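To be precise, the following lines are model.cif, and they hold mmCIF, C-alpha atoms and all ligand atoms.
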data_structure
#
loop_
_atom_site.label_atom_id
_atom_site.label_comp_id
_atom_site.auth_asym_id
_atom_site.auth_seq_id
_atom_site.Cartn_x
_atom_site.Cartn_y
_atom_site.Cartn_z
CA MET U 1 5.89 -59.76 -6.15
CA THR U 2 3.44 -56.92 -5.53
CA ALA U 3 3.85 -53.52 -7.10
CA TRP U 4 6.72 -51.60 -5.52
CA LEU U 5 7.11 -48.89 -8.16
CA SER U 6 4.55 -46.13 -8.65
CA VAL U 7 4.74 -44.07 -11.80
CA ILE U 8 2.71 -40.96 -11.14
CA GLY U 9 1.74 -38.49 -13.83
CA ILE U 10 1.71 -34.90 -12.69
CA GLY U 11 0.63 -31.77 -14.53
CA GLU U 12 1.69 -28.14 -14.26
CA ASP U 13 -0.97 -27.73 -11.55
CA GLY U 14 1.28 -29.82 -9.31
CA LEU U 15 0.09 -31.63 -6.18
CA GLU U 16 -3.33 -29.97 -6.37
CA GLY U 17 -4.15 -31.76 -9.59
CA LEU U 18 -3.29 -35.26 -8.33
CA SER U 19 -5.99 -37.86 -7.74
CA SER U 20 -6.39 -39.34 -4.26
CA VAL U 21 -4.79 -42.61 -5.48
CA ALA U 22 -1.75 -40.71 -6.72
CA ARG U 23 -1.50 -38.75 -3.46
CA THR U 24 -1.62 -41.93 -1.38
CA LEU U 25 1.07 -43.63 -3.45
CA LEU U 26 3.22 -40.53 -3.24
CA ALA U 27 2.77 -40.30 0.54
CA GLU U 28 3.75 -43.97 1.01
CA ALA U 29 6.92 -43.78 -1.12
CA GLU U 30 10.34 -44.01 0.58
CA LEU U 31 12.15 -42.67 -2.48
CA LEU U 32 10.99 -40.02 -4.94
CA ILE U 33 12.43 -39.88 -8.44
CA GLY U 34 11.73 -37.16 -11.00
CA GLY U 35 12.93 -34.20 -12.97
CA GLU U 36 13.90 -31.00 -11.15
CA ARG U 37 10.57 -29.41 -12.13
CA HIS U 38 8.60 -32.31 -10.68
CA LEU U 39 10.58 -32.73 -7.46
CA GLY U 40 10.25 -28.96 -6.95
CA MET U 41 6.47 -29.43 -6.70
CA ILE U 42 6.84 -31.71 -3.63
CA PRO U 43 7.76 -30.02 -0.32
CA GLU U 44 11.01 -31.38 1.26
CA ASP U 45 10.18 -33.82 4.07
CA GLY U 46 13.44 -35.72 4.59
CA ARG U 47 12.63 -38.56 2.17
CA ASP U 48 15.28 -39.70 -0.30
CA ARG U 49 15.11 -38.01 -3.71
CA LEU U 50 16.78 -38.79 -6.99
CA CYS U 51 16.83 -36.25 -9.79
CA TRP U 52 16.90 -37.75 -13.31
CA PRO U 53 20.47 -37.88 -14.52
CA LYS U 54 21.41 -37.29 -18.18
CA PRO U 55 21.09 -39.49 -20.09
CA LEU U 56 18.00 -40.73 -18.34
CA LYS U 57 18.73 -44.40 -19.04
CA THR U 58 21.63 -44.33 -16.54
CA ALA U 59 19.00 -44.11 -13.76
CA ILE U 60 17.35 -47.41 -14.75
CA PRO U 61 19.91 -49.66 -12.96
CA GLU U 62 19.57 -47.44 -9.87
CA ILE U 63 15.80 -47.89 -9.91
CA LEU U 64 16.12 -51.65 -10.41
CA GLN U 65 18.50 -51.84 -7.43
CA ARG U 66 15.69 -50.48 -5.26
CA SER U 67 13.31 -53.23 -6.33
CA GLY U 68 11.15 -54.18 -3.33
CA ARG U 69 11.30 -50.73 -1.69
CA ARG U 70 8.47 -48.28 -2.22
CA VAL U 71 9.60 -46.01 -5.01
CA ALA U 72 7.60 -43.26 -6.72
CA VAL U 73 8.59 -41.88 -10.11
CA LEU U 74 7.05 -38.56 -11.06
CA ALA U 75 6.47 -37.97 -14.77
CA THR U 76 4.86 -35.31 -16.94
CA GLY U 77 1.20 -35.85 -17.81
CA ASP U 78 0.57 -39.40 -18.96
CA PRO U 79 3.75 -41.40 -18.29
CA MET U 80 2.75 -43.87 -21.03
CA CYS U 81 2.44 -41.18 -23.70
CA TYR U 82 6.01 -40.50 -24.85
CA GLY U 83 6.96 -40.53 -21.18
CA VAL U 84 9.26 -42.28 -18.78
CA GLY U 85 6.64 -44.93 -17.96
CA ALA U 86 6.94 -46.37 -21.45
CA ARG U 87 10.69 -46.69 -20.99
CA LEU U 88 10.38 -48.32 -17.54
CA ALA U 89 7.81 -50.78 -18.88
CA ARG U 90 10.50 -52.21 -21.18
CA VAL U 91 12.54 -53.42 -18.20
CA ILE U 92 10.08 -53.76 -15.29
CA PRO U 93 7.17 -56.25 -15.38
CA ALA U 94 3.73 -54.65 -15.46
CA GLU U 95 2.66 -56.36 -12.23
CA GLU U 96 5.48 -54.63 -10.33
CA MET U 97 4.27 -51.14 -11.28
CA THR U 98 1.26 -48.98 -10.51
CA ILE U 99 0.87 -46.35 -13.19
CA VAL U 100 -1.40 -43.41 -12.48
CA PRO U 101 -1.71 -41.08 -15.46
CA ALA U 102 -2.58 -37.40 -15.44
CA LEU U 103 -3.83 -35.67 -18.59
CA SER U 104 -1.30 -35.81 -21.42
CA ALA U 105 -0.20 -32.72 -23.32
CA PHE U 106 -2.25 -34.10 -26.23
CA ASN U 107 -5.39 -34.27 -24.04
CA LEU U 108 -4.88 -30.72 -22.82
CA ALA U 109 -4.09 -29.38 -26.29
CA CYS U 110 -7.16 -31.06 -27.82
CA ALA U 111 -9.28 -29.38 -25.16
CA ARG U 112 -7.71 -25.98 -25.90
CA MET U 113 -8.13 -26.38 -29.68
CA ALA U 114 -11.48 -28.23 -29.58
CA TRP U 115 -9.90 -30.97 -31.74
CA SER U 116 -10.88 -34.63 -31.62
CA LEU U 117 -7.81 -36.64 -30.58
CA PRO U 118 -8.40 -39.71 -32.82
CA ASP U 119 -8.89 -37.47 -35.86
CA ILE U 120 -5.55 -35.65 -35.76
CA GLU U 121 -1.86 -36.38 -36.26
CA THR U 122 0.08 -36.63 -33.00
CA VAL U 123 3.85 -36.50 -33.27
CA THR U 124 6.74 -35.98 -30.94
CA ILE U 125 9.80 -34.01 -31.91
CA HIS U 126 10.83 -33.77 -28.27
CA GLY U 127 14.49 -34.78 -28.30
CA ARG U 128 14.12 -36.10 -31.87
CA PRO U 129 14.94 -34.54 -35.23
CA ARG U 130 12.30 -31.93 -35.97
CA GLU U 131 12.18 -32.98 -39.64
CA MET U 132 10.03 -35.93 -38.49
CA ILE U 133 7.02 -33.61 -38.51
CA VAL U 134 7.28 -33.17 -42.29
CA ALA U 135 5.76 -36.62 -42.91
CA SER U 136 2.54 -35.29 -41.33
CA PHE U 137 2.20 -32.28 -43.63
CA TYR U 138 -0.77 -32.64 -45.97
CA PRO U 139 -3.65 -30.32 -46.89
CA GLY U 140 -6.10 -30.12 -44.01
CA ALA U 141 -3.88 -31.99 -41.55
CA ARG U 142 -4.27 -31.06 -37.92
CA ILE U 143 -1.05 -31.81 -36.09
CA LEU U 144 -0.19 -31.72 -32.40
CA ALA U 145 3.53 -31.86 -31.75
CA LEU U 146 5.45 -32.27 -28.51
CA THR U 147 8.42 -29.99 -28.94
CA THR U 148 12.00 -29.84 -27.75
CA GLY U 149 11.86 -26.24 -26.55
CA GLY U 150 11.13 -22.61 -27.24
CA SER U 151 12.74 -22.46 -30.67
CA THR U 152 10.83 -25.43 -32.16
CA PRO U 153 7.65 -23.53 -33.23
CA ALA U 154 9.60 -20.96 -35.31
CA ALA U 155 11.62 -23.79 -36.90
CA VAL U 156 8.40 -25.66 -37.80
CA ALA U 157 6.94 -22.45 -39.26
CA ARG U 158 9.99 -22.22 -41.56
CA MET U 159 9.65 -25.88 -42.57
CA LEU U 160 5.96 -25.37 -43.41
CA CYS U 161 6.93 -22.49 -45.73
CA GLU U 162 9.70 -24.54 -47.38
CA HIS U 163 7.25 -27.38 -48.07
CA GLY U 164 4.49 -25.23 -49.58
CA TYR U 165 2.32 -24.81 -46.48
CA GLY U 166 3.06 -21.13 -45.71
CA ASP U 167 -0.58 -20.24 -44.96
CA SER U 168 -0.83 -22.87 -42.21
CA ARG U 169 -2.08 -21.71 -38.84
CA LEU U 170 0.10 -22.32 -35.80
CA THR U 171 -0.83 -22.17 -32.13
CA VAL U 172 1.76 -22.55 -29.41
CA LEU U 173 0.29 -23.76 -26.14
CA GLU U 174 2.69 -22.82 -23.38
CA ARG U 175 2.75 -24.38 -19.88
CA MET U 176 -0.79 -25.75 -20.12
CA GLY U 177 -2.46 -26.13 -16.75
CA SER U 178 -0.13 -23.71 -14.96
CA PRO U 179 -1.11 -20.25 -13.70
CA THR U 180 1.22 -18.78 -16.36
CA GLU U 181 -0.38 -20.66 -19.26
CA ARG U 182 -0.31 -18.64 -22.50
CA ARG U 183 -1.06 -19.19 -26.17
CA LEU U 184 0.55 -17.67 -29.24
CA ASP U 185 -1.25 -17.71 -32.59
CA GLY U 186 -0.10 -16.90 -36.09
CA VAL U 187 0.48 -18.00 -39.64
CA ALA U 188 3.64 -19.84 -40.74
CA ARG U 189 4.63 -17.32 -43.42
CA THR U 190 4.58 -14.38 -41.02
CA TRP U 191 5.29 -16.21 -37.74
CA PRO U 192 6.43 -13.45 -35.39
CA HIS U 193 7.52 -15.41 -32.30
CA GLU U 194 11.16 -16.48 -32.68
CA ARG U 195 11.05 -17.92 -29.15
CA ALA U 196 8.28 -19.36 -27.03
CA ALA U 197 8.35 -20.76 -23.50
CA ASP U 198 10.43 -23.94 -23.37
CA LEU U 199 7.49 -26.07 -22.18
CA ASN U 200 5.10 -25.90 -25.09
CA THR U 201 2.97 -28.03 -27.37
CA LEU U 202 2.49 -26.94 -30.96
CA ALA U 203 -0.78 -27.16 -32.88
CA VAL U 204 -0.64 -26.84 -36.68
CA GLU U 205 -3.47 -26.66 -39.17
CA CYS U 206 -1.90 -27.34 -42.57
CA ILE U 207 -3.04 -25.13 -45.42
CA ALA U 208 -1.37 -25.82 -48.76
CA ASP U 209 -0.22 -23.06 -51.12
CA PRO U 210 -1.80 -23.26 -54.59
CA GLY U 211 0.18 -25.82 -56.61
CA THR U 212 1.62 -27.70 -53.62
CA VAL U 213 1.62 -31.42 -54.44
CA ALA U 214 0.51 -33.43 -51.39
CA ARG U 215 2.69 -36.41 -50.47
CA ALA U 216 0.81 -39.57 -49.57
CA ARG U 217 2.22 -41.99 -46.98
CA LEU U 218 1.43 -44.94 -49.23
CA PRO U 219 4.60 -45.81 -51.20
CA GLY U 220 4.98 -44.54 -54.72
CA LEU U 221 6.02 -40.90 -54.26
CA PRO U 222 6.76 -39.13 -57.55
CA ASP U 223 10.37 -39.56 -58.73
CA GLU U 224 10.84 -35.75 -58.78
CA VAL U 225 10.68 -35.43 -54.98
CA PHE U 226 13.99 -37.31 -54.63
CA ALA U 227 17.37 -35.71 -55.32
CA HIS U 228 19.23 -38.36 -57.33
CA ASP U 229 21.96 -39.01 -59.88
CA GLY U 230 19.96 -41.54 -61.91
CA GLN U 231 20.21 -44.32 -59.28
CA LEU U 232 16.57 -44.22 -58.28
CA THR U 233 14.03 -47.04 -58.08
CA LYS U 234 11.30 -45.57 -60.28
CA ARG U 235 7.90 -44.82 -58.86
CA GLU U 236 5.96 -47.77 -60.35
CA VAL U 237 8.70 -50.26 -59.49
CA ARG U 238 9.19 -48.72 -56.02
CA ALA U 239 5.51 -49.12 -55.16
CA ALA U 240 5.57 -52.77 -56.31
CA THR U 241 8.80 -53.38 -54.38
CA LEU U 242 7.46 -51.95 -51.12
CA ALA U 243 4.30 -54.03 -51.50
CA LEU U 244 6.49 -57.16 -51.45
CA LEU U 245 8.66 -55.85 -48.61
CA ALA U 246 5.38 -55.44 -46.71
CA PRO U 247 6.33 -53.02 -43.91
CA LEU U 248 4.62 -53.65 -40.58
CA PRO U 249 4.76 -51.11 -37.74
CA ALA U 250 8.09 -50.99 -35.84
CA GLN U 251 9.85 -53.30 -38.29
CA CYS U 252 13.35 -52.72 -39.62
CA LEU U 253 14.45 -52.65 -43.28
CA TRP U 254 17.94 -52.95 -44.71
CA ASP U 255 18.08 -51.07 -48.01
CA VAL U 256 21.24 -52.53 -49.55
CA GLY U 257 22.71 -50.49 -52.39
CA ALA U 258 20.37 -47.68 -51.40
CA GLY U 259 21.16 -45.24 -54.26
CA CYS U 260 19.29 -42.10 -53.24
CA GLY U 261 17.47 -43.87 -50.37
CA SER U 262 13.97 -43.89 -51.87
CA VAL U 263 12.95 -47.39 -50.73
CA GLY U 264 14.17 -46.93 -47.14
CA ILE U 265 12.53 -43.51 -46.96
CA GLU U 266 9.16 -44.82 -48.15
CA TRP U 267 9.44 -47.74 -45.71
CA LEU U 268 9.92 -45.21 -42.88
CA ARG U 269 7.10 -42.94 -44.03
CA SER U 270 4.64 -45.83 -43.96
CA HIS U 271 4.67 -45.88 -40.13
CA PRO U 272 6.28 -43.53 -37.59
CA ASN U 273 7.74 -46.43 -35.56
CA ASN U 274 9.46 -48.08 -38.52
CA ARG U 275 13.24 -48.27 -38.69
CA ALA U 276 15.51 -48.49 -41.72
CA VAL U 277 19.19 -48.62 -42.59
CA ALA U 278 20.45 -47.45 -45.99
CA ILE U 279 23.72 -49.12 -47.00
CA GLU U 280 25.51 -47.37 -49.84
CA ARG U 281 29.16 -47.43 -50.89
CA SER U 282 29.24 -44.04 -52.67
CA ALA U 283 29.87 -41.10 -50.32
CA ALA U 284 28.13 -38.70 -52.73
CA ARG U 285 25.01 -40.87 -52.76
CA CYS U 286 25.08 -41.11 -48.96
CA GLY U 287 24.86 -37.31 -49.00
CA LEU U 288 21.80 -37.50 -51.28
CA ILE U 289 20.20 -40.12 -49.02
CA ALA U 290 20.60 -37.93 -45.92
CA ARG U 291 19.20 -34.93 -47.77
CA ASN U 292 16.19 -36.86 -49.10
CA ALA U 293 15.53 -38.38 -45.67
CA ALA U 294 15.40 -34.94 -44.03
CA THR U 295 13.28 -33.38 -46.79
CA LEU U 296 10.76 -36.20 -46.84
CA GLY U 297 10.20 -36.52 -43.08
CA ALA U 298 12.37 -39.60 -42.47
CA PRO U 299 15.41 -38.14 -40.65
CA LEU U 300 15.86 -41.28 -38.54
CA LEU U 301 17.02 -43.24 -41.60
CA GLN U 302 20.42 -44.65 -40.61
CA VAL U 303 22.90 -44.12 -43.43
CA VAL U 304 25.84 -46.54 -43.54
CA GLU U 305 28.57 -45.72 -46.03
CA GLY U 306 30.29 -48.92 -47.04
CA GLN U 307 30.38 -51.99 -49.20
CA ALA U 308 27.99 -54.86 -48.49
CA PRO U 309 28.29 -57.53 -47.18
CA ASP U 310 31.07 -56.17 -44.91
CA ALA U 311 29.03 -53.06 -44.06
CA LEU U 312 26.14 -55.22 -42.79
CA ALA U 313 28.04 -56.45 -39.75
CA GLY U 314 26.63 -55.19 -36.46
CA LEU U 315 23.47 -53.57 -37.89
CA ALA U 316 20.13 -53.88 -36.07
CA PRO U 317 18.49 -57.16 -37.17
CA PRO U 318 16.20 -56.68 -40.20
CA ASP U 319 12.63 -57.85 -40.79
CA ALA U 320 12.97 -57.23 -44.52
CA ILE U 321 15.85 -56.63 -46.90
CA PHE U 322 15.85 -54.89 -50.26
CA ILE U 323 18.80 -55.46 -52.54
CA GLY U 324 18.76 -52.63 -55.06
CA GLY U 325 22.38 -53.06 -56.06
CA GLY U 326 25.35 -55.36 -55.60
CA ILE U 327 23.50 -58.70 -55.70
CA ALA U 328 26.44 -60.31 -57.53
CA SER U 329 28.89 -59.28 -54.75
CA GLU U 330 30.60 -62.23 -53.08
CA GLY U 331 28.75 -63.33 -49.94
CA LEU U 332 26.02 -60.66 -50.11
CA VAL U 333 22.93 -62.85 -50.48
CA GLU U 334 24.32 -65.37 -47.97
CA ALA U 335 24.80 -62.60 -45.37
CA CYS U 336 21.33 -61.16 -46.01
CA TRP U 337 19.62 -64.54 -45.88
CA GLN U 338 21.37 -65.40 -42.63
CA ALA U 339 20.37 -62.08 -41.05
CA LEU U 340 16.67 -62.50 -41.86
CA PRO U 341 14.38 -64.09 -39.26
CA SER U 342 11.72 -66.63 -40.17
CA GLY U 343 8.98 -64.70 -41.98
CA GLY U 344 11.48 -62.09 -43.14
CA ARG U 345 11.15 -60.81 -46.72
CA LEU U 346 13.96 -60.47 -49.23
CA VAL U 347 13.38 -58.56 -52.46
CA ALA U 348 16.02 -57.96 -55.13
CA ASN U 349 15.65 -55.80 -58.26
CA VAL U 350 18.10 -56.07 -61.15
CA VAL U 351 18.35 -54.47 -64.57
CA THR U 352 21.52 -56.11 -65.94
CA VAL U 353 22.12 -59.55 -67.42
CA GLU U 354 24.78 -60.18 -64.76
CA GLY U 355 22.29 -59.26 -62.06
CA GLU U 356 19.72 -61.59 -63.62
CA SER U 357 22.22 -64.41 -63.60
CA ALA U 358 22.73 -63.95 -59.84
CA VAL U 359 18.97 -63.75 -59.30
CA PHE U 360 18.35 -67.01 -61.23
CA HIS U 361 21.09 -68.73 -59.22
CA TRP U 362 19.58 -67.67 -55.87
CA HIS U 363 16.01 -68.32 -56.97
CA ALA U 364 17.02 -71.90 -57.82
CA ARG U 365 18.58 -72.34 -54.36
CA LEU U 366 16.18 -70.42 -52.09
CA GLY U 367 12.92 -70.40 -54.05
CA GLY U 368 10.47 -67.51 -54.05
CA GLN U 369 8.90 -65.68 -56.98
CA LEU U 370 10.33 -64.08 -60.07
CA GLY U 371 8.70 -61.14 -61.80
CA ARG U 372 9.42 -58.76 -64.60
CA ILE U 373 8.23 -55.19 -64.48
CA ALA U 374 8.21 -53.33 -67.78
CA VAL U 375 6.87 -49.81 -67.50
CA SER U 376 6.31 -47.37 -70.32
CA ARG U 377 5.38 -43.79 -69.68
CA GLY U 378 3.34 -41.68 -72.08
CA GLU U 379 5.42 -38.75 -73.34
CA ALA U 380 4.99 -36.05 -75.92
CA VAL U 381 6.19 -36.97 -79.40
CA GLY U 382 5.75 -33.69 -81.23
CA PRO U 383 2.03 -32.95 -81.03
CA PHE U 384 1.28 -36.63 -80.21
CA THR U 385 1.87 -38.98 -77.30
CA GLY U 386 4.17 -42.00 -77.45
CA TRP U 387 5.28 -44.69 -75.02
CA ARG U 388 8.77 -44.20 -73.57
CA PRO U 389 9.88 -47.53 -72.04
CA LEU U 390 11.90 -47.56 -68.80
CA MET U 391 14.54 -50.28 -68.38
CA PRO U 392 12.71 -53.51 -67.51
CA VAL U 393 13.34 -54.69 -63.97
CA THR U 394 13.66 -58.34 -62.99
CA GLN U 395 12.44 -58.87 -59.48
CA TRP U 396 13.05 -61.77 -57.12
CA SER U 397 11.17 -61.98 -53.84
CA VAL U 398 11.28 -64.66 -51.22
CA VAL U 399 9.97 -65.09 -47.67
CA LYS U 400 12.27 -66.98 -45.30
CA PRO U 401 10.55 -70.11 -44.03
C1 LIG I 501 8.70 -36.01 -22.97
S1 LIG I 501 7.20 -35.27 -23.47
C2 LIG I 501 6.19 -35.90 -22.22
C3 LIG I 501 4.74 -35.95 -22.55
C4 LIG I 501 3.92 -36.37 -21.37
N1 LIG I 501 4.11 -37.75 -21.04
C5 LIG I 501 2.44 -36.08 -21.54
O1 LIG I 501 1.63 -36.97 -21.42
O2 LIG I 501 2.13 -34.90 -21.80
C6 LIG I 501 7.45 -33.61 -23.00
C7 LIG I 501 6.77 -32.64 -23.94
O3 LIG I 501 5.36 -32.62 -23.71
C8 LIG I 501 4.85 -31.30 -23.92
N2 LIG I 501 4.17 -30.87 -22.68
C9 LIG I 501 4.06 -31.61 -21.58
N3 LIG I 501 3.34 -30.94 -20.65
C10 LIG I 501 2.99 -29.76 -21.18
C11 LIG I 501 2.27 -28.63 -20.72
N4 LIG I 501 1.74 -28.60 -19.49
N5 LIG I 501 2.11 -27.59 -21.56
C12 LIG I 501 2.63 -27.61 -22.79
N6 LIG I 501 3.33 -28.64 -23.28
C13 LIG I 501 3.51 -29.70 -22.49
C14 LIG I 501 6.01 -30.45 -24.30
O4 LIG I 501 6.06 -30.41 -25.71
C15 LIG I 501 7.20 -31.21 -23.74
O5 LIG I 501 8.39 -30.94 -24.42
#
Step by step, read the file and then write its structure as C-alpha cells.
Amino acid sequence: MTAWLSVIGIGEDGLEGLSSVARTLLAEAELLIGGERHLGMIPEDGRDRLCWPKPLKTAIPEILQRSGRRVAVLATGDPMCYGVGARLARVIPAEEMTIVPALSAFNLACARMAWSLPDIETVTIHGRPREMIVASFYPGARILALTTGGSTPAAVARMLCEHGYGDSRLTVLERMGSPTERRLDGVARTWPHERAADLNTLAVECIADPGTVARARLPGLPDEVFAHDGQLTKREVRAATLALLAPLPAQCLWDVGAGCGSVGIEWLRSHPNNRAVAIERSAARCGLIARNAATLGAPLLQVVEGQAPDALAGLAPPDAIFIGGGIASEGLVEACWQALPSGGRLVANVVTVEGESAVFHWHARLGGQLGRIAVSRGEAVGPFTGWRPLMPVTQWSVVKP
C-alpha cells in the first residue's frame, strides 16, 4: 500500500512557512485533521475537516477507518518531536505515511538562545507533571522545556528556588515564528511574570546557590535526600542494587516492598523514558514515596498500595524486579518470576535470618548469584573517627534464562 496519510508539521507562520512538498500534500488531501489553531490557518474550501477530539487517542480509530483515502494531519513543528506523528507511528506502518517536519520548538528556541541542541537538556512537561523537570536541575544545566501553558514558567521558577537554584536565568519564548512573538527574561528568585502566553517554550540556565548539593543521575543519591522512616535502601547498597537491576531506556521496574521508593526513583532518574511501579503495603510509606518521587524529579512513579503478590496483578509487565521486602510472603517469588520475561533481572535484598532462609531456598531452585554487602561508615568518636557498621545485606540476583 502506498502512503495515504500525510503528517505535515506547521509553524506559527502558517501556510507561508510550508515547503512545496508540504503544500502539495496538503492540496491533494481529501480530509484535513488538526487542532483548531492549525485548521484555522487553512482557508475553508469545502473539504472535510476533523478537529482533534479530547482525548486525542479517540481520533485514532477514525483516522484508521479512512485508510486508503488521502488524509492530511497537521501538527505543530516537528510531528516526531513530542508530537502527534510519534503517536500515529505506533499504529500506522511507516510506509503508509509521509511525514514532513517543520522546525520544532527546540530548533527555534536553540536559534533564539544561540544554544547547541545536542549539548542541552530537552524535556517536555506539556501535559505531564511539571516536577519531571527537576531531574534536569544541575549546576550549569541548560534546559529547554515544552510547557503546558502560561502558568508553567512561574511554577518552574518556584521549583528552582525550592531546589537551591534561585539565581537561575529563565527566558520564556512565546509564540515563536508568529508576528506576535515575544520573549520574557528574568531570574527565578525574582521572576515577575505570573502568566505568559499559553504557547511558550521555556529556557532555563541553572545557577546553583552556594551550598546546593548537585544530584547526579547515576544511582547512589545521598540517603538524606529521601524522606523516610528508616525503611531506606542505603546509598552504597542502593547503588550496587541498581547496577544489578541494570536499567535500560524505556524499561519497567517493579519495586516490591518499596519503603520510601528510593530504588524505583533512582531507576526512573536514570533515563527519562523509564517506567517504575512502587508496591508498598503501608499507606504512610506510600505517602513518603509520592513525596520523594515529586521532589526528586520522578513524578511518574506509579505507587500501588497493597500487599504483594496480590497487588502485582494487572501491573504493566516488568523488565526487572527488586524485592526489598516481603520475600518470605507466600507466592511472592513465584509471581515475580512468572512475570519476568527472558533476560529479566530479579534482585532481592534481605537483612533478617528469615529473609536469608527464603533467599537460600530460591537461590537453590532458580540459581543466580549470592552476595553480602557489609558497609561501615566513618563517624566521629569523640575527637577521633571510628567505623559504624550498617546492617549487612544479603543479596540474591538472578537473570531469567
Ligand atoms: C505537544 S508539544 C509539540 C511540539 C512540536 N512537535 C514541535 O516540534 O515543536 C507543544 C509544545 O511545544 C511548544 N511550542 C510549540 N510551538 C511553539 C512556538 N511556536 N513557540 C513557543 N513554543 C512552542 C510549547 O511548549 C507547546 O506547549
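Among U:Val353, U:Leu184, U:Leu170, U:Ala203, the residue with the shortest atom-to-atom distance to Thr122 of chain U, counting all atoms listed in the file, is U:Ala203.
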Show me which residues line ligand LIG 501 (chain I), defined as having an atom within 9 Å of a ligand atom where all atoms listed in the file count, and present them as a VMD selection string. chain U and resid 9 to 13 75 to 85 101 to 109 124 to 127 145 to 149 172 to 178 181 197 to 202
Produce a file of the selected residues containing C-alpha atoms, as a short mmCIF file (atom, residue, chain, number, x, y, z; two decimals), in the coordinates of the input.
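Resulting contents of selection00.cif:
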data_model
loop_
_atom_site.label_atom_id
_atom_site.label_comp_id
_atom_site.auth_asym_id
_atom_site.auth_seq_id
_atom_site.Cartn_x
_atom_site.Cartn_y
_atom_site.Cartn_z
CA GLY U 9 1.74 -38.49 -13.83
CA ILE U 10 1.71 -34.90 -12.69
CA GLY U 11 0.63 -31.77 -14.53
CA GLU U 12 1.69 -28.14 -14.26
CA ASP U 13 -0.97 -27.73 -11.55
CA ALA U 75 6.47 -37.97 -14.77
CA THR U 76 4.86 -35.31 -16.94
CA GLY U 77 1.20 -35.85 -17.81
CA ASP U 78 0.57 -39.40 -18.96
CA PRO U 79 3.75 -41.40 -18.29
CA MET U 80 2.75 -43.87 -21.03
CA CYS U 81 2.44 -41.18 -23.70
CA TYR U 82 6.01 -40.50 -24.85
CA GLY U 83 6.96 -40.53 -21.18
CA VAL U 84 9.26 -42.28 -18.78
CA GLY U 85 6.64 -44.93 -17.96
CA PRO U 101 -1.71 -41.08 -15.46
CA ALA U 102 -2.58 -37.40 -15.44
CA LEU U 103 -3.83 -35.67 -18.59
CA SER U 104 -1.30 -35.81 -21.42
CA ALA U 105 -0.20 -32.72 -23.32
CA PHE U 106 -2.25 -34.10 -26.23
CA ASN U 107 -5.39 -34.27 -24.04
CA LEU U 108 -4.88 -30.72 -22.82
CA ALA U 109 -4.09 -29.38 -26.29
CA THR U 124 6.74 -35.98 -30.94
CA ILE U 125 9.80 -34.01 -31.91
CA HIS U 126 10.83 -33.77 -28.27
CA GLY U 127 14.49 -34.78 -28.30
CA ALA U 145 3.53 -31.86 -31.75
CA LEU U 146 5.45 -32.27 -28.51
CA THR U 147 8.42 -29.99 -28.94
CA THR U 148 12.00 -29.84 -27.75
CA GLY U 149 11.86 -26.24 -26.55
CA VAL U 172 1.76 -22.55 -29.41
CA LEU U 173 0.29 -23.76 -26.14
CA GLU U 174 2.69 -22.82 -23.38
CA ARG U 175 2.75 -24.38 -19.88
CA MET U 176 -0.79 -25.75 -20.12
CA GLY U 177 -2.46 -26.13 -16.75
CA SER U 178 -0.13 -23.71 -14.96
CA GLU U 181 -0.38 -20.66 -19.26
CA ALA U 197 8.35 -20.76 -23.50
CA ASP U 198 10.43 -23.94 -23.37
CA LEU U 199 7.49 -26.07 -22.18
CA ASN U 200 5.10 -25.90 -25.09
CA THR U 201 2.97 -28.03 -27.37
CA LEU U 202 2.49 -26.94 -30.96
#
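For Leu370 of chain U, the set of protein, DNA and RNA residues having any atom at most 8 Å away, when counting all atoms listed in the file and skipping those fewer than 4 positions along the same chain, is U:His363, U:Thr394, U:Gln395, U:Trp396, U:Ser397.
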Those residues you just picked out, can you put them in a file as a PDB file, in the coordinates of the input with C-alpha atoms?
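File produced: selection.pdb:
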ATOM      1  CA  HIS U 363      16.010 -68.320 -56.970  1.00  0.00           C
ATOM      2  CA  THR U 394      13.660 -58.340 -62.990  1.00  0.00           C
ATOM      3  CA  GLN U 395      12.440 -58.870 -59.480  1.00  0.00           C
ATOM      4  CA  TRP U 396      13.050 -61.770 -57.120  1.00  0.00           C
ATOM      5  CA  SER U 397      11.170 -61.980 -53.840  1.00  0.00           C
TER       6      SER U 397
END
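Close to (11.9, -44.1, -5.1), meaning no more than 10 Å away when counting all atoms listed in the file, sit the residues U:Trp4, U:Leu5, U:Ser6, U:Val7, U:Leu26, U:Ala29, U:Glu30, U:Leu31, U:Leu32, U:Ile33, U:Gly34, U:Arg47, U:Asp48, U:Arg49, U:Leu50, U:Glu62, U:Ile63, U:Arg66, U:Ser67, U:Arg69, U:Arg70, U:Val71, U:Ala72, U:Val73, U:Leu74.
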Choose the residue, out of U:Gln231, U:Gln338, U:Ser116, U:Asn274, that has the smallest atom-to-atom separation from Leu312 of chain U; count only C-alpha atoms.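 Of the candidates, the smallest distance to Leu312 of chain U is held by U:Gln338.
Closest approach to Ile8 of chain U among U:Ala27, U:Ala111, U:Ala284, U:Leu244: U:Ala27, based on all atoms listed in the file.
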